[in-house]
Amino acid sequence: MAGALLDAEWEWVPDQAGFVDVVWGEKVDVFSGSGHESDAAEFDTKGVTFSARLRE
Amino acid sequence: MTTPVSPAKLDRETLREEIEKKYCEVALNPEEGVHFHVGRPLAAMLGYDTTDVDWLPEGTVKSFAGMGNPLGMGAPKPGSTIVDVGCGASFDILLAAKAAGPDSTVIAIDMIPEMIEKTAQGAAELGLTNVETRHGYAEELPLDDNTADLLISNGVINLTPDKLVTLREIARVVKPGGRIQIADIVVGRPVPQDAKDDIELWFG
């Protein structure tokens with residue numbers, strides 16, 4: 001999970017790549033209780049989905 | 001407020017080798033491989049429709065490893081061109097093919113041969129003739145410019161060392177006005193740069 005980003009970093013990347021109208025979905029904890037050791041909780045790690053449109 | 005992202009200082013080829021080992025395990029032995037939920041329990045957590053999940057081949061469902069529900073952000077349009085970057089066991093792209101119908105063009109891309117094979121098997125099992133598989137990397141997509149009406153990805157971009165390079169490559173293959181629907185990992189506390197630069201910590 002060392003490749004994960006903060007919210008503000010996720011907002012920066014699509015913007016810099018030319019995407020607009022970014023819409024964020026709910027965050028989901030897909031790590032807790034999976035039965036495997038992880039650093040996910042230490043970094044408050046969640047799954048999240050977003051959509052965006054490429055600027056015309 | 002947005003924050004610029006620095007690329008991780010690690011060897012991309014070594015990272016790709018480690019990803020291939022890890023996610024090949026997910027294809028072959030789904031319950032063994034990763035530090036998050038997989039398969040049907042994960043699909044339920046992420047709000048996938050059970051009717052859709054039941055429609056998929058069991059092998060596809062068992063190997064599902066995603067961070068969200070990209071198609072939950074909007075269904076693909078009939079007849080459109082849909083691309084999945086890092087299709088994995090094909091969970092999302094087969095559902096996209098179902099939603100968009102037989103006149104759509106559906107392209108599933110993955111860097112792991114076992115996942116590509118699983119995708120081709122899943123499409124064949126469902127009788128889908130419009131699903132094309134290609135080997136490739138998120139930063140070097142095997143696609144022409146302006147190909148996709150909709151590009152989806154689930155849990156893949158976090159595994160690339162330079163997110164801006166990856167998103168710019170995605171922008172290259174999406175048509176102007178086209179959409180991306182991406183699920184991935186977000187952290188509430190910053191990951192230290194020395195951890196970002198340590199490949200061992202990318203999978204834990």
# chains A, B, ... in the order shown; residues from 1 in each chain; ligands from 1
>>> select_by_dssp(residues="range 90-166 of chain B", states="helix (DSSP H, G or I)", output="compact mmCIF listing (two decimals) with C-alpha atoms, in the first residue's frame")
# COMPACT_ATOMS: atom_id res chain seq x y z
CA PHE B 91 -14.76 -9.00 -13.13
CA ASP B 92 -15.46 -5.40 -14.18
CA ILE B 93 -14.83 -5.68 -17.90
CA LEU B 94 -17.20 -8.63 -18.34
CA LEU B 95 -19.90 -6.67 -16.51
CA ALA B 96 -19.12 -3.68 -18.76
CA ALA B 97 -19.48 -5.89 -21.83
CA LYS B 98 -22.84 -7.10 -20.54
CA ALA B 99 -24.05 -3.56 -19.86
CA ALA B 100 -22.86 -2.08 -23.17
CA PRO B 113 -0.52 -13.48 -18.63
CA GLU B 114 -2.55 -15.59 -16.16
CA MET B 115 -5.08 -12.75 -15.82
CA ILE B 116 -5.34 -12.30 -19.58
CA GLU B 117 -5.97 -16.03 -19.92
CA LYS B 118 -8.61 -15.88 -17.20
CA THR B 119 -10.32 -12.98 -18.95
CA ALA B 120 -10.38 -14.79 -22.29
CA GLN B 121 -11.79 -17.90 -20.60
CA GLY B 122 -14.45 -15.86 -18.81
CA ALA B 123 -15.56 -14.13 -21.99
CA ALA B 124 -15.71 -17.45 -23.84
CA GLU B 125 -17.70 -19.05 -21.04
CA LEU B 126 -20.27 -16.25 -21.25
CA ILE B 157 -2.87 2.90 -10.42
CA ASN B 158 -1.51 2.66 -6.88
CA LEU B 159 0.84 0.00 -8.24
CA LYS B 163 0.80 8.39 -10.99
CA LEU B 164 0.95 11.47 -13.22
CA VAL B 165 2.71 9.52 -15.98
CA THR B 166 -0.02 6.88 -15.70
>>> interface_residues(of="chain A", to="chain B", cutoff="6 Å", atoms="only C-alpha atoms", output="NGL selection string")
:A and (1-6 or 8-9 or 11-13 or 17 or 30-31 or 34 or 36 or 38-39 or 43-56)
>>> atom_distance(atom1="CA of Trp24 in chain A", atom2="CA of Asp84 in chain B")
19.1 Å
>>> atom_distance(atom1="CA of Thr129 in chain B", atom2="CA of Glu20 in chain B")
27.2 Å
>>> atom_distance(atom1="CA of Met111 in chain B", atom2="CA of Ala138 in chain B")
8.3 Å
>>> closest_residue(among="B:Ile19, B:Val83, B:Leu56, B:Ile112", to="Leu141 in chain B", atoms="only C-alpha atoms")
B:Val83
>>> select_by_dssp(residues="chain A", states="strand (DSSP E or B)", output="NGL selection string")
:A and (5-6 or 19-24 or 28 or 45-54)
>>> decode(residues="chain A", atoms="C-alpha atoms", output="mmCIF file, in the first residue's frame")
data_model
loop_
_atom_site.group_PDB
_atom_site.id
_atom_site.type_symbol
_atom_site.label_atom_id
_atom_site.label_comp_id
_atom_site.auth_asym_id
_atom_site.auth_seq_id
_atom_site.Cartn_x
_atom_site.Cartn_y
_atom_site.Cartn_z
ATOM 1 C CA MET A 1 0.000 0.000 0.000
ATOM 2 C CA ALA A 2 3.032 2.279 -0.191
ATOM 3 C CA GLY A 3 1.749 3.385 -3.592
ATOM 4 C CA ALA A 4 -1.491 4.812 -2.169
ATOM 5 C CA LEU A 5 -2.226 8.549 -2.237
ATOM 6 C CA LEU A 6 -3.861 11.053 0.080
ATOM 7 C CA ASP A 7 -7.190 12.629 -0.943
ATOM 8 C CA ALA A 8 -5.490 15.886 -1.943
ATOM 9 C CA GLU A 9 -2.941 13.985 -4.043
ATOM 10 C CA TRP A 10 -5.699 12.053 -5.815
ATOM 11 C CA GLU A 11 -7.373 15.359 -6.632
ATOM 12 C CA TRP A 12 -4.152 16.755 -8.106
ATOM 13 C CA VAL A 13 -3.289 13.878 -10.478
ATOM 14 C CA PRO A 14 -6.435 13.781 -12.690
ATOM 15 C CA ASP A 15 -6.491 17.567 -12.844
ATOM 16 C CA GLN A 16 -2.888 17.691 -14.065
ATOM 17 C CA ALA A 17 -3.617 14.989 -16.644
ATOM 18 C CA GLY A 18 -6.465 17.017 -18.178
ATOM 19 C CA PHE A 19 -9.552 15.585 -16.481
ATOM 20 C CA VAL A 20 -12.429 17.709 -15.197
ATOM 21 C CA ASP A 21 -15.765 17.219 -13.409
ATOM 22 C CA VAL A 22 -14.281 14.779 -10.901
ATOM 23 C CA VAL A 23 -16.910 13.039 -8.773
ATOM 24 C CA TRP A 24 -15.902 11.002 -5.712
ATOM 25 C CA GLY A 25 -17.718 7.947 -4.374
ATOM 26 C CA GLU A 26 -17.794 6.689 -0.819
ATOM 27 C CA LYS A 27 -14.689 5.237 0.800
ATOM 28 C CA VAL A 28 -14.868 1.558 1.746
ATOM 29 C CA ASP A 29 -12.619 -0.293 4.178
ATOM 30 C CA VAL A 30 -11.671 -3.370 2.148
ATOM 31 C CA PHE A 31 -8.738 -4.265 4.392
ATOM 32 C CA SER A 32 -10.053 -4.810 7.940
ATOM 33 C CA GLY A 33 -10.813 -8.412 8.783
ATOM 34 C CA SER A 34 -9.246 -9.846 5.632
ATOM 35 C CA GLY A 35 -7.160 -12.242 7.719
ATOM 36 C CA HIS A 36 -3.839 -11.018 6.329
ATOM 37 C CA GLU A 37 -1.315 -8.813 8.111
ATOM 38 C CA SER A 38 -1.205 -5.300 6.761
ATOM 39 C CA ASP A 39 -0.122 -1.728 7.440
ATOM 40 C CA ALA A 40 -3.481 -0.539 6.105
ATOM 41 C CA ALA A 41 -4.962 0.464 9.470
ATOM 42 C CA GLU A 42 -1.846 2.431 10.430
ATOM 43 C CA PHE A 43 -2.401 4.705 7.437
ATOM 44 C CA ASP A 44 -6.220 4.700 7.560
ATOM 45 C CA THR A 45 -6.302 3.028 4.148
ATOM 46 C CA LYS A 46 -9.546 2.694 2.211
ATOM 47 C CA GLY A 47 -10.776 1.911 -1.262
ATOM 48 C CA VAL A 48 -12.381 4.763 -3.178
ATOM 49 C CA THR A 49 -13.895 5.287 -6.626
ATOM 50 C CA PHE A 50 -13.999 8.436 -8.736
ATOM 51 C CA SER A 51 -15.172 9.438 -12.174
ATOM 52 C CA ALA A 52 -14.000 12.283 -14.401
ATOM 53 C CA ARG A 53 -14.307 13.576 -17.965
ATOM 54 C CA LEU A 54 -11.400 14.347 -20.292
ATOM 55 C CA ARG A 55 -11.339 18.033 -21.159
ATOM 56 C CA GLU A 56 -12.425 18.693 -24.791
#
